[in-house]
$ cat coords35.cif   # mmCIF, C-alpha atoms
data_my_file
#
loop_
_atom_site.label_atom_id
_atom_site.label_comp_id
_atom_site.auth_asym_id
_atom_site.auth_seq_id
_atom_site.Cartn_x
_atom_site.Cartn_y
_atom_site.Cartn_z
CA MET A 1007 20.10 -25.51 9.32
CA LEU A 1008 17.08 -27.57 8.23
CA ARG A 1009 14.73 -25.29 10.17
CA PHE A 1010 16.35 -22.20 8.65
CA ALA A 1011 16.03 -23.67 5.15
CA LEU A 1012 12.36 -24.44 5.69
CA LEU A 1013 11.66 -20.92 6.94
CA LEU A 1014 13.56 -19.35 4.03
CA PHE A 1015 11.63 -21.47 1.54
CA ALA A 1016 8.33 -20.46 3.12
CA LEU A 1017 9.30 -16.80 2.95
CA MET A 1018 10.22 -17.00 -0.73
CA ALA A 1019 6.94 -18.76 -1.53
CA LEU A 1020 4.74 -16.02 -0.12
CA PRO A 1021 2.62 -14.08 -2.63
CA LEU A 1022 2.90 -10.33 -2.73
CA LYS A 1023 -0.20 -8.56 -1.43
CA ALA A 1024 0.53 -5.15 -2.96
CA ALA A 1025 2.53 -3.73 -5.83
CA THR A 1026 6.01 -2.31 -5.23
CA VAL A 1027 6.55 1.00 -7.02
CA THR A 1028 10.24 1.42 -7.79
CA ASN A 1029 10.40 4.83 -9.51
CA LEU A 1030 9.00 7.08 -6.78
CA TYR A 1031 12.22 9.06 -6.49
CA GLN A 1032 12.84 9.42 -10.22
CA ALA A 1033 11.51 11.97 -12.69
CA GLU A 1034 12.02 12.87 -16.34
CA VAL A 1035 11.06 16.36 -17.52
CA ALA A 1036 11.35 18.22 -20.79
CA LEU A 1037 14.44 20.42 -21.22
CA PRO A 1038 13.68 22.93 -24.00
CA ASP A 1039 17.10 24.57 -23.72
CA THR A 1040 20.47 23.85 -22.14
CA ASP A 1041 20.96 27.22 -20.42
CA LYS A 1042 21.17 27.36 -16.62
CA GLN A 1043 17.74 28.92 -16.16
CA SER A 1044 15.99 26.19 -18.18
CA GLU A 1045 17.81 23.46 -16.28
CA LYS A 1046 16.99 25.06 -12.91
CA LYS A 1047 13.31 25.20 -13.85
CA ALA A 1048 13.41 21.54 -15.01
CA ARG A 1049 14.98 20.50 -11.70
CA GLU A 1050 12.23 22.27 -9.77
CA GLU A 1051 9.57 20.56 -11.88
CA ALA A 1052 11.20 17.16 -11.34
CA LEU A 1053 11.41 17.67 -7.57
CA GLU A 1054 7.75 18.72 -7.50
CA GLN A 1055 6.76 15.55 -9.36
CA VAL A 1056 8.68 13.36 -6.90
CA LEU A 1057 7.28 15.12 -3.83
CA ILE A 1058 3.73 14.65 -5.13
CA LYS A 1059 4.37 10.96 -5.81
CA VAL A 1060 6.04 10.25 -2.48
CA SER A 1061 3.67 12.27 -0.31
CA GLY A 1062 0.50 11.28 -2.15
CA GLN A 1063 -0.64 14.92 -2.01
CA SER A 1064 -1.31 16.77 -5.26
CA THR A 1065 -1.37 20.03 -3.25
CA ILE A 1066 2.00 19.48 -1.54
CA THR A 1067 3.50 22.60 -3.17
CA GLN A 1068 1.14 24.78 -1.16
CA ASN A 1069 3.28 24.00 1.87
CA GLU A 1070 5.67 26.87 2.65
CA ILE A 1071 8.60 24.57 3.53
CA ILE A 1072 8.13 22.65 0.28
CA ARG A 1073 8.04 25.90 -1.74
CA LYS A 1074 11.38 26.95 -0.25
CA ALA A 1075 12.91 23.57 -1.08
CA LEU A 1076 11.73 23.80 -4.70
CA SER A 1077 13.68 27.03 -5.16
CA ASN A 1078 16.89 25.17 -4.23
CA SER A 1079 16.51 21.60 -5.45
CA SER A 1080 20.21 20.73 -5.89
CA PRO A 1081 20.78 19.30 -2.36
CA TYR A 1082 18.08 16.68 -2.98
CA VAL A 1083 19.48 15.38 -6.29
CA SER A 1084 21.54 12.19 -6.13
CA GLN A 1085 21.87 11.45 -9.85
CA PHE A 1086 21.11 13.19 -13.13
CA GLY A 1087 21.47 12.67 -16.85
CA TYR A 1088 19.99 13.61 -20.20
CA GLY A 1089 17.61 11.73 -22.45
CA SER A 1090 14.93 12.25 -25.07
CA GLN A 1091 11.20 11.64 -25.28
CA ASP A 1092 9.11 12.09 -28.44
CA GLY A 1093 12.00 13.95 -30.04
CA GLN A 1094 12.30 16.34 -27.09
CA GLN A 1095 15.44 16.52 -24.96
CA THR A 1096 14.77 15.65 -21.33
CA LEU A 1097 16.48 15.90 -17.96
CA GLU A 1098 16.48 12.64 -15.97
CA LEU A 1099 16.82 13.04 -12.21
CA THR A 1100 16.99 10.70 -9.22
CA PHE A 1101 16.47 12.22 -5.77
CA ASP A 1102 17.93 11.14 -2.44
CA GLN A 1103 15.34 9.11 -0.57
CA SER A 1104 16.43 10.02 2.97
CA ARG A 1105 16.60 13.75 2.21
CA ILE A 1106 13.17 13.72 0.59
CA ARG A 1107 11.78 11.95 3.63
CA ASN A 1108 13.44 14.45 5.98
CA LEU A 1109 11.95 17.30 3.94
CA LEU A 1110 8.46 15.82 4.20
CA THR A 1111 8.95 15.35 7.94
CA GLN A 1112 9.96 19.00 8.35
CA ALA A 1113 6.90 20.01 6.35
CA ASN A 1114 4.58 17.83 8.51
CA ALA A 1115 3.48 16.18 5.26
CA THR A 1116 2.51 12.57 4.56
CA LEU A 1117 4.58 9.67 3.26
CA TRP A 1118 3.17 6.98 0.98
CA SER A 1119 5.43 3.93 0.96
CA GLU A 1120 6.60 1.96 -2.08
CA GLN A 1121 4.07 -0.77 -1.26
CA ARG A 1122 0.96 0.56 -2.96
CA PRO A 1123 -2.47 -0.82 -3.81
CA SER A 1124 -2.81 -2.21 -7.31
CA VAL A 1125 -5.81 -0.76 -9.15
CA LEU A 1126 -7.82 -2.62 -11.80
CA VAL A 1127 -9.42 -0.21 -14.29
CA TRP A 1128 -12.68 -1.04 -16.08
CA MET A 1129 -13.14 1.63 -18.75
CA VAL A 1130 -16.05 2.01 -21.19
CA ASN A 1131 -15.76 4.40 -24.12
CA ASP A 1132 -19.00 5.96 -25.45
CA ALA A 1133 -18.39 7.31 -28.98
CA ASN A 1134 -20.93 7.88 -31.75
CA ARG A 1135 -23.65 6.11 -29.72
CA SER A 1136 -21.50 3.00 -29.51
CA ARG A 1137 -19.99 1.75 -26.27
CA ASP A 1138 -16.92 -0.45 -25.99
CA ILE A 1139 -14.80 -1.78 -23.15
CA ILE A 1140 -11.16 -0.74 -23.40
CA TRP A 1141 -9.07 -3.85 -22.84
CA ASP A 1142 -5.38 -4.11 -22.10
CA GLN A 1143 -3.24 -3.63 -25.22
CA SER A 1144 -6.32 -2.76 -27.26
CA GLY A 1145 -4.56 0.02 -29.14
CA ASN A 1146 -6.93 2.67 -27.83
CA SER A 1147 -5.10 5.94 -27.10
CA PHE A 1148 -6.80 6.23 -23.69
CA GLU A 1149 -4.84 3.27 -22.35
CA PRO A 1150 -1.29 4.72 -22.61
CA GLN A 1151 -2.56 8.12 -21.47
CA LEU A 1152 -4.14 6.55 -18.40
CA LYS A 1153 -1.02 4.53 -17.56
CA LYS A 1154 1.23 7.57 -17.94
CA ALA A 1155 -1.01 9.63 -15.65
CA ALA A 1156 -1.02 6.80 -13.10
CA ASP A 1157 2.76 6.39 -13.31
CA ASN A 1158 3.22 10.12 -12.63
CA ARG A 1159 1.40 9.60 -9.33
CA GLY A 1160 3.01 6.28 -8.47
CA VAL A 1161 -0.26 4.35 -8.74
CA PRO A 1162 0.13 0.81 -10.18
CA VAL A 1163 -2.77 0.22 -12.58
CA MET A 1164 -3.79 -2.68 -14.79
CA MET A 1165 -6.57 -3.25 -17.28
CA PRO A 1166 -8.51 -6.46 -17.95
CA ILE A 1167 -7.19 -8.51 -20.86
CA GLY A 1168 -10.57 -9.12 -22.52
CA ASP A 1169 -10.36 -12.88 -22.99
CA PHE A 1170 -13.29 -15.30 -22.97
CA GLU A 1171 -13.43 -15.35 -19.17
CA ASP A 1172 -13.74 -11.55 -19.05
CA VAL A 1173 -16.37 -11.17 -21.74
CA THR A 1174 -18.54 -13.88 -20.19
CA ALA A 1175 -18.18 -12.51 -16.65
CA ILE A 1176 -19.24 -8.92 -17.31
CA ASN A 1177 -20.94 -6.77 -19.91
CA ILE A 1178 -20.95 -3.09 -20.83
CA PRO A 1179 -24.16 -2.13 -18.92
CA ASP A 1180 -22.67 -3.68 -15.75
CA ILE A 1181 -19.66 -1.38 -15.97
CA TRP A 1182 -21.52 1.70 -17.18
CA GLY A 1183 -24.09 1.32 -14.41
CA GLY A 1184 -21.47 0.63 -11.75
CA PHE A 1185 -23.18 -2.58 -10.61
CA VAL A 1186 -21.04 -3.88 -7.79
CA GLN A 1187 -21.71 -7.63 -7.90
CA PRO A 1188 -20.69 -8.32 -11.52
CA ILE A 1189 -17.78 -5.88 -11.25
CA ALA A 1190 -16.53 -7.64 -8.13
CA GLY A 1191 -16.96 -11.08 -9.70
CA ALA A 1192 -15.13 -10.18 -12.91
CA SER A 1193 -12.34 -8.41 -11.01
CA ALA A 1194 -11.56 -11.26 -8.61
CA ARG A 1195 -9.25 -13.13 -11.01
CA TYR A 1196 -6.88 -10.13 -11.15
CA GLN A 1197 -6.60 -9.86 -7.34
CA PRO A 1198 -6.40 -6.05 -7.25
CA ASP A 1199 -6.42 -3.99 -4.07
CA ALA A 1200 -8.90 -1.50 -5.56
CA VAL A 1201 -11.19 -1.24 -8.59
CA LEU A 1202 -11.68 1.89 -10.70
CA VAL A 1203 -14.70 2.15 -13.02
CA VAL A 1204 -14.41 4.83 -15.72
CA ARG A 1205 -17.10 6.06 -18.13
CA VAL A 1206 -15.81 8.07 -21.11
CA ARG A 1207 -18.06 10.22 -23.28
CA GLN A 1208 -16.42 11.56 -26.42
CA GLN A 1209 -17.56 15.03 -27.51
CA ALA A 1210 -17.88 16.53 -30.99
CA ASP A 1211 -14.92 18.87 -30.34
CA ASN A 1212 -12.61 15.90 -29.63
CA ASN A 1213 -12.80 16.56 -25.91
CA VAL A 1214 -14.04 13.97 -23.44
CA GLN A 1215 -16.11 13.87 -20.29
CA LEU A 1216 -15.11 11.34 -17.64
CA GLY A 1217 -17.11 9.96 -14.75
CA TRP A 1218 -15.42 7.57 -12.36
CA GLN A 1219 -16.01 5.45 -9.27
CA LEU A 1220 -13.23 4.16 -7.03
CA PHE A 1221 -13.93 1.05 -4.98
CA ALA A 1222 -10.94 1.24 -2.62
CA ASP A 1223 -11.03 -2.39 -1.50
CA LYS A 1224 -10.40 -5.90 -2.76
CA PRO A 1225 -13.13 -7.45 -4.98
CA GLU A 1226 -14.14 -10.04 -2.36
CA TYR A 1227 -15.21 -7.26 0.00
CA LEU A 1228 -17.01 -4.96 -2.43
CA VAL A 1229 -20.48 -6.49 -2.20
CA SER A 1230 -20.56 -6.53 1.60
CA SER A 1231 -18.84 -3.17 2.05
CA GLN A 1232 -20.81 -0.44 3.80
CA VAL A 1233 -18.54 2.27 2.33
CA ALA A 1234 -19.78 4.04 -0.79
CA PRO A 1235 -17.25 4.34 -3.63
CA ALA A 1236 -15.51 7.67 -4.17
CA GLU A 1237 -16.77 9.44 -7.28
CA GLY A 1238 -15.56 12.25 -9.50
CA ARG A 1239 -15.68 13.93 -12.90
CA SER A 1240 -13.23 15.58 -15.25
CA ALA A 1241 -13.35 16.97 -18.76
CA GLY A 1242 -11.14 18.35 -21.54
CA LYS A 1243 -8.58 16.85 -23.87
CA SER A 1244 -8.34 13.15 -23.14
CA ALA A 1245 -4.80 13.28 -21.70
CA ASP A 1246 -5.69 16.23 -19.47
CA ALA A 1247 -8.96 14.70 -18.30
CA LEU A 1248 -7.29 11.37 -17.48
CA THR A 1249 -4.49 13.18 -15.62
CA GLU A 1250 -7.03 15.12 -13.56
CA MET A 1251 -8.90 11.89 -12.80
CA MET A 1252 -5.75 10.06 -11.70
CA ASN A 1253 -4.78 12.98 -9.46
CA GLN A 1254 -8.16 12.71 -7.74
CA VAL A 1255 -7.89 8.91 -7.49
CA ALA A 1256 -4.33 9.05 -6.14
CA ASP A 1257 -5.33 11.63 -3.53
CA GLN A 1258 -8.17 9.32 -2.44
CA LEU A 1259 -5.86 6.30 -2.12
CA ALA A 1260 -3.17 8.29 -0.34
CA GLY A 1261 -5.79 9.50 2.12
CA LYS A 1262 -6.29 5.85 3.02
CA TYR A 1263 -2.71 4.55 2.93
CA ALA A 1264 -0.27 7.46 3.47
CA VAL A 1265 1.08 8.16 6.97
CA GLN A 1266 1.49 11.56 8.58
CA LEU A 1267 5.09 12.57 9.29
CA GLY A 1268 6.46 15.23 11.57
CA GLY A 1269 4.38 14.32 14.63
CA ALA A 1270 5.69 12.74 17.80
CA SER A 1271 6.59 9.05 17.55
CA ASP A 1272 5.06 6.76 20.15
CA GLY A 1273 8.20 4.59 20.16
CA GLU A 1274 7.83 0.96 21.17
CA TYR A 1275 4.55 -0.86 20.80
CA ALA A 1276 3.46 -4.48 20.85
CA ILE A 1277 0.71 -6.54 19.33
CA GLN A 1278 -0.29 -10.13 20.01
CA VAL A 1279 -1.63 -12.07 17.04
CA ALA A 1280 -3.44 -15.38 17.41
CA ASN A 1281 -4.28 -18.06 14.83
CA ILE A 1282 -0.79 -18.29 13.28
CA GLN A 1283 -1.11 -21.79 11.85
CA SER A 1284 1.99 -22.12 9.64
CA THR A 1285 5.36 -20.65 8.73
CA GLU A 1286 3.64 -18.96 5.78
CA ASP A 1287 1.25 -17.23 8.20
CA PHE A 1288 4.14 -16.09 10.39
CA PHE A 1289 6.20 -14.61 7.57
CA ALA A 1290 3.19 -13.08 5.83
CA LEU A 1291 2.31 -11.29 9.08
CA GLU A 1292 5.89 -10.20 9.71
CA ARG A 1293 6.24 -8.88 6.17
CA MET A 1294 2.93 -7.04 6.40
CA LEU A 1295 4.00 -5.30 9.61
CA THR A 1296 7.46 -4.46 8.28
CA ASN A 1297 6.03 -2.85 5.15
CA LEU A 1298 3.83 -0.44 7.08
CA THR A 1299 4.96 3.15 6.62
CA SER A 1300 4.51 3.91 10.32
CA VAL A 1301 6.89 1.10 11.33
CA ALA A 1302 10.68 1.35 11.70
CA SER A 1303 11.32 -2.27 12.71
CA VAL A 1304 9.53 -5.44 13.82
CA ASN A 1305 10.77 -8.13 16.17
CA ALA A 1306 9.04 -11.38 17.15
CA SER A 1307 9.45 -11.33 20.92
CA LYS A 1308 7.29 -14.22 22.23
CA LEU A 1309 5.67 -17.36 20.89
CA LYS A 1310 3.07 -19.50 22.61
CA GLY A 1311 1.03 -22.13 20.82
CA ASP A 1312 -0.29 -20.47 17.69
CA THR A 1313 0.09 -16.96 19.13
CA VAL A 1314 2.99 -14.57 18.55
CA ILE A 1315 3.81 -11.21 20.12
CA PHE A 1316 5.61 -8.71 17.91
CA GLY A 1317 7.49 -5.77 19.34
CA VAL A 1318 7.10 -2.87 16.93
CA ASN A 1319 9.26 0.25 16.75
CA LEU A 1320 7.08 3.09 15.50
CA LEU A 1321 8.11 5.99 13.30
CA SER A 1322 4.77 7.68 13.76
CA SER A 1323 1.94 7.74 16.27
CA GLU A 1324 0.08 4.74 17.64
CA MET A 1325 -3.05 6.08 15.96
CA ALA A 1326 -1.32 6.11 12.54
CA PHE A 1327 -0.08 2.55 13.15
CA GLN A 1328 -3.53 1.26 14.11
CA ARG A 1329 -5.04 3.05 11.11
CA GLU A 1330 -2.64 1.22 8.80
CA LEU A 1331 -3.38 -2.09 10.51
CA SER A 1332 -7.09 -1.58 9.91
CA GLN A 1333 -6.49 -1.43 6.15
CA ASP A 1334 -5.46 -5.11 5.98
CA ARG A 1335 -8.44 -7.41 6.39
CA ARG A 1336 -6.23 -10.38 7.25
CA LEU A 1337 -5.70 -8.83 10.68
CA THR A 1338 -8.79 -8.28 12.84
CA SER A 1339 -9.44 -7.23 16.39
CA GLN A 1340 -12.24 -9.80 16.71
CA PRO A 1341 -11.73 -13.55 16.43
CA ALA A 1342 -13.48 -15.77 13.94
CA ASP A 1343 -15.88 -18.34 15.36
CA ASN A 1344 -13.11 -20.75 16.31
CA GLY A 1345 -13.11 -20.82 20.09
CA TYR A 1346 -10.81 -17.88 20.79
CA THR A 1347 -11.37 -15.47 23.64
CA VAL A 1348 -9.79 -12.04 23.91
CA ALA A 1349 -6.58 -12.23 25.88
CA ALA A 1350 -6.07 -10.46 29.17
CA GLU A 1351 -2.75 -8.81 29.96
CA SER A 1352 -0.99 -9.73 33.17
CA GLU A 1353 1.09 -7.38 35.28
CA THR A 1354 4.30 -8.88 33.92
CA GLY A 1355 3.44 -8.02 30.34
CA LEU A 1356 2.98 -11.71 29.43
CA VAL A 1357 -0.36 -12.46 27.83
CA GLU A 1358 -2.34 -15.64 28.30
CA THR A 1359 -4.79 -16.76 25.61
CA THR A 1360 -7.47 -19.37 25.28
CA GLU A 1361 -6.36 -21.84 22.62
CA PRO A 1362 -8.59 -22.56 19.60
CA GLN A 1363 -10.72 -25.64 19.62
CA GLY A 1364 -8.66 -28.64 18.61
CA ALA A 1365 -5.31 -26.88 19.07
CA VAL A 1366 -2.39 -28.62 20.77
CA VAL A 1367 -1.28 -26.47 23.69
CA GLY A 1368 2.39 -25.59 23.60
CA GLU A 1369 3.02 -26.60 20.00
CA GLY A 1370 4.54 -23.75 17.99
CA VAL A 1371 4.20 -23.23 14.27
CA VAL A 1372 7.48 -21.53 13.43
CA GLY A 1373 9.93 -24.07 12.09
CA GLU A 1374 7.58 -26.87 13.21
CA SER A 1375 9.28 -26.75 16.62
CA ILE A 1376 7.90 -27.02 20.15
CA VAL A 1377 7.51 -23.54 21.58
CA GLU A 1378 6.15 -23.05 25.08
CA GLU A 1379 6.65 -19.36 25.81
CA VAL A 1380 9.06 -16.60 24.88
CA PRO A 1381 9.34 -13.65 27.30
CA LEU A 1382 9.41 -10.06 26.13
CA SER A 1383 12.34 -9.21 28.37
CA ALA A 1384 15.78 -10.76 28.50
CA GLU A 1385 15.83 -10.43 32.28
CA PRO A 1386 13.87 -13.00 34.35
CA THR A 1387 11.32 -11.61 36.74
CA ALA A 1388 11.23 -12.53 40.40
CA ASP A 1389 7.48 -13.03 40.46
CA VAL A 1390 7.09 -15.39 37.52
CA PRO A 1391 8.92 -18.74 37.37
CA GLN A 1392 10.85 -19.13 34.14
CA ASP A 1393 10.19 -22.12 31.90
CA PRO A 1394 13.54 -23.85 31.29
CA GLN A 1395 12.34 -24.91 27.83
CA ALA A 1396 11.32 -21.43 26.73
CA VAL A 1397 12.54 -20.62 23.26
CA ASP A 1398 13.86 -17.11 22.57
CA VAL A 1399 13.28 -16.05 18.98
CA THR A 1400 14.47 -12.46 19.28
CA ALA A 1401 17.55 -11.36 17.41
CA THR A 1402 17.78 -8.25 19.58
CA MET A 1403 16.17 -8.33 22.99
CA MET A 1404 13.53 -5.70 23.62
CA PRO A 1405 12.44 -4.18 26.92
CA THR A 1406 9.16 -5.28 28.44
CA LEU A 1407 6.36 -3.34 26.80
CA SER A 1408 3.61 -1.81 28.84
CA GLN A 1409 0.72 -2.89 26.65
CA VAL A 1410 -0.03 -5.67 24.23
CA ASN A 1411 -2.95 -5.37 21.85
CA GLN A 1412 -4.82 -8.49 20.73
CA TYR A 1413 -5.39 -9.29 17.05
CA TYR A 1414 -6.35 -12.36 15.03
CA TRP A 1415 -4.79 -13.54 11.78
CA GLN A 1416 -7.47 -14.58 9.30
CA PRO A 1417 -5.90 -14.97 5.83
#
$ encode --input "coords35.cif" --output "structure tokens"
Amino acid sequence: MLRFALLLFALMALPLKAATVTNLYQAEVALPDTDKQSEKKAREEALEQVLIKVSGQSTITQNEIIRKALSNSSPYVSQFGYGSQDGQQTLELTFDQSRIRNLLTQANATLWSEQRPSVLVWMVNDANRSRDIIWDQSGNSFEPQLKKAADNRGVPVMMPIGDFEDVTAINIPDIWGGFVQPIAGASARYQPDAVLVVRVRQQADNNVQLGWQLFADKPEYLVSSQVAPAEGRSAGKSADALTEMMNQVADQLAGKYAVQLGGASDGEYAIQVANIQSTEDFFALERMLTNLTSVASVNASKLKGDTVIFGVNLLSSEMAFQRELSQDRRLTSQPADNGYTVAAESETGLVETTEPQGAVVGEGVVGESIVEEVPLSAEPTADVPQDPQAVDVTATMMPTLSQVNQYYWQP
């Protein structure tokens, strides 16, 4: 019981590494009239909004299967009601998550999970030859318009608060010029997963021109990154221009994080992760794997020293799984300079590793217990003698997996 309590406490103490978007399957659309035709059109519009949010594709309605579904949206609705927005009656709809996912699978579309990268937005407004940074809760009309456009795409955004720390860390020319080092330094305190820099030029006709750069990585990696930021432009009424920008930004992020559905699943897979030094490391890794869109379930199947093997049930292809893994810099395929060597796989499926310098061989980190080795299979093999002190941490035993890929945990 003590070990369980310690593990539960460690799990609850873990920080979240991405934002959880809770309204992906909900939509609210204007309902100009209460006749059947108006309501049918509103339902189609609401389903389109949800499919764009969930898939991450602004062009999802070009898919023939999706177009057919839009003409008969009722089977996908799980809840509906009526509301009002700005004096206009609205239709509020919630769609069935499993049916939406099945539809996207049939359409060979992508799925973007509820765990999404948080985006910090640095925005400079150029009006009447005067430039100002738009801070959070500044009262500028661009802020609510931006947040509404981001919400429509399921992108969690935040803006800097503009306190003393902000104004001393960065200035307007830094943002307007897109200078990476000061932007990265000023953004670090907010711990975003991506940084969006927006330049707004107000025109005489009350229209705006927007130029933007998306740094799709955490601030600590921006300076050393070899990947150029995505860039784009939009123009028109401010709400329209910001909506167009957020559609482009969301498509860029979904291209990085969304997973292709409808292809063949590669089934069971396994990865070995070294350098698990604490219960926090273990649960952070397990949670990260579980939250991947390409993963159905995760099961810790063997522990040895500070190394754990996870059996992973895939919903998608191995390539999609490895692509998602590559997005998290805490997990690398190369060790840090700490004495590790890449593990070699034996014929039994059990993997031997070289321990890090200074490590105590055989001492496990989970629950502060002694863990020698946990086999992948419930059945003993005739060729390998079984350790009588082996500790089995699997809730459901998994078959021996044919390959184990080596990674290193470097939080």
$ resolve_selection --input "coords35.cif" --expression "the PyMOL selection byres ((chain A and resi 1157-1174) around 9)" --output "ChimeraX atom specification"
/A:1025-1030,1033,1055-1056,1058-1060,1062,1064,1120,1122-1129,1139-1144,1149,1152-1156,1175-1177,1192-1193,1196,1198,1249,1252-1253,1255-1256,1259
$ residues_around --input "coords35.cif" --residues "Val1304 (chain A)" --least-positions-apart "5" --cutoff "8 Å" --atoms "all atoms listed in the file" --output "JSON, numbers by chain"
{"A": [1292, 1295, 1296, 1316, 1317, 1318, 1319]}
$ resolve_selection --input "coords35.cif" --expression "the PyMOL selection byres ((chain A and resi 1221-1224) around 10)" --output "ChimeraX atom specification"
/A:1123-1126,1186,1190,1193-1194,1197-1203,1218-1220,1225-1228,1231,1233-1237,1255,1258-1259,1262,1333-1335
$ write_last_selection --input "coords35.cif" --atoms "C-alpha atoms" --output "mmCIF file, in the coordinates of the input"
data_model
loop_
_atom_site.group_PDB
_atom_site.id
_atom_site.type_symbol
_atom_site.label_atom_id
_atom_site.label_comp_id
_atom_site.auth_asym_id
_atom_site.auth_seq_id
_atom_site.Cartn_x
_atom_site.Cartn_y
_atom_site.Cartn_z
ATOM 1 C CA PRO A 1123 -2.470 -0.820 -3.810
ATOM 2 C CA SER A 1124 -2.810 -2.210 -7.310
ATOM 3 C CA VAL A 1125 -5.810 -0.760 -9.150
ATOM 4 C CA LEU A 1126 -7.820 -2.620 -11.800
ATOM 5 C CA VAL A 1186 -21.040 -3.880 -7.790
ATOM 6 C CA ALA A 1190 -16.530 -7.640 -8.130
ATOM 7 C CA SER A 1193 -12.340 -8.410 -11.010
ATOM 8 C CA ALA A 1194 -11.560 -11.260 -8.610
ATOM 9 C CA GLN A 1197 -6.600 -9.860 -7.340
ATOM 10 C CA PRO A 1198 -6.400 -6.050 -7.250
ATOM 11 C CA ASP A 1199 -6.420 -3.990 -4.070
ATOM 12 C CA ALA A 1200 -8.900 -1.500 -5.560
ATOM 13 C CA VAL A 1201 -11.190 -1.240 -8.590
ATOM 14 C CA LEU A 1202 -11.680 1.890 -10.700
ATOM 15 C CA VAL A 1203 -14.700 2.150 -13.020
ATOM 16 C CA TRP A 1218 -15.420 7.570 -12.360
ATOM 17 C CA GLN A 1219 -16.010 5.450 -9.270
ATOM 18 C CA LEU A 1220 -13.230 4.160 -7.030
ATOM 19 C CA PRO A 1225 -13.130 -7.450 -4.980
ATOM 20 C CA GLU A 1226 -14.140 -10.040 -2.360
ATOM 21 C CA TYR A 1227 -15.210 -7.260 0.000
ATOM 22 C CA LEU A 1228 -17.010 -4.960 -2.430
ATOM 23 C CA SER A 1231 -18.840 -3.170 2.050
ATOM 24 C CA VAL A 1233 -18.540 2.270 2.330
ATOM 25 C CA ALA A 1234 -19.780 4.040 -0.790
ATOM 26 C CA PRO A 1235 -17.250 4.340 -3.630
ATOM 27 C CA ALA A 1236 -15.510 7.670 -4.170
ATOM 28 C CA GLU A 1237 -16.770 9.440 -7.280
ATOM 29 C CA VAL A 1255 -7.890 8.910 -7.490
ATOM 30 C CA GLN A 1258 -8.170 9.320 -2.440
ATOM 31 C CA LEU A 1259 -5.860 6.300 -2.120
ATOM 32 C CA LYS A 1262 -6.290 5.850 3.020
ATOM 33 C CA GLN A 1333 -6.490 -1.430 6.150
ATOM 34 C CA ASP A 1334 -5.460 -5.110 5.980
ATOM 35 C CA ARG A 1335 -8.440 -7.410 6.390
#
$ residues_around --input "coords35.cif" --residues "Ser1339 (chain A)" --least-positions-apart "4" --cutoff "8 Å" --atoms "only C-alpha atoms" --output "list of chain:residue names"
A:Gln1412, A:Tyr1413, A:Tyr1414
$ residues_around --input "coords35.cif" --residues "Phe1148 (chain A)" --least-positions-apart "2" --cutoff "8 Å" --atoms "all atoms listed in the file" --output "PyMOL selection string"
chain A and resi 1146+1150-1152+1244-1245
$ atom_distance --input "coords35.cif" --atom1 "CA of Leu1321 (chain A)" --atom2 "CA of Leu1337 (chain A)"
20.4 Å
$ atom_distance --input "coords35.cif" --atom1 "CA of Ile1181 (chain A)" --atom2 "CA of Ala1247 (chain A)"
19.5 Å
$ atom_distance --input "coords35.cif" --atom1 "CA of Glu1054 (chain A)" --atom2 "CA of Gln1112 (chain A)"
16.0 Å
$ residues_around --input "coords35.cif" --residues "Arg1205 (chain A)" --least-positions-apart "6" --cutoff "6 Å" --atoms "all atoms listed in the file" --output "list in words"
Met1129, Val1130, Leu1216 and Gly1217 of chain A
$ resolve_selection --input "coords35.cif" --expression "the PyMOL selection byres ((chain A and resi 1051) around 12)" --output "ChimeraX atom specification"
/A:1032-1037,1044-1050,1052-1058,1067,1073,1075-1079,1096-1099
$ residues_around --input "coords35.cif" --residues "Pro1081 (chain A)" --least-positions-apart "3" --cutoff "10 Å" --atoms "all atoms listed in the file" --output "list of chain:residue names"
A:Ala1075, A:Asn1078, A:Ser1084, A:Phe1101, A:Asp1102, A:Arg1105, A:Ile1106
$ closest_residue --input "coords35.cif" --among "A:Gln1209, A:Gln1095, A:Thr1338, A:Ser1240" --to "Ala1280 (chain A)" --atoms "only C-alpha atoms"
A:Thr1338
$ closest_residue --input "coords35.cif" --among "A:Ala1306, A:Val1204, A:Ala1276, A:Leu1248" --to "Ser1147 (chain A)" --atoms "only C-alpha atoms"
A:Leu1248
$ closest_residue --input "coords35.cif" --among "A:Ile1071, A:Leu1320, A:Met1325, A:Ala1290" --to "Leu1110 (chain A)" --atoms "only C-alpha atoms"
A:Ile1071
$ decode --input "coords35.cif" --residues "region 1074-1078 of chain A" --atoms "N, CA and C atoms" --output "PDB file, in the first residue's frame"
ATOM      1  N   LYS A1074     -20.443  13.295 -48.055  1.00  0.00           N
ATOM      2  CA  LYS A1074     -21.658  12.493 -47.898  1.00  0.00           C
ATOM      3  C   LYS A1074     -22.156  12.523 -46.454  1.00  0.00           C
ATOM      4  N   ALA A1075     -21.232  12.484 -45.510  1.00  0.00           N
ATOM      5  CA  ALA A1075     -21.617  12.516 -44.097  1.00  0.00           C
ATOM      6  C   ALA A1075     -22.252  13.847 -43.724  1.00  0.00           C
ATOM      7  N   LEU A1076     -21.756  14.941 -44.305  1.00  0.00           N
ATOM      8  CA  LEU A1076     -22.307  16.267 -43.992  1.00  0.00           C
ATOM      9  C   LEU A1076     -23.763  16.391 -44.427  1.00  0.00           C
ATOM     10  N   SER A1077     -24.140  15.677 -45.476  1.00  0.00           N
ATOM     11  CA  SER A1077     -25.530  15.760 -45.949  1.00  0.00           C
ATOM     12  C   SER A1077     -26.483  14.993 -45.047  1.00  0.00           C
ATOM     13  N   ASN A1078     -25.952  14.179 -44.129  1.00  0.00           N
ATOM     14  CA  ASN A1078     -26.782  13.434 -43.183  1.00  0.00           C
ATOM     15  C   ASN A1078     -26.075  13.409 -41.840  1.00  0.00           C
TER      16      ASN A1078
END
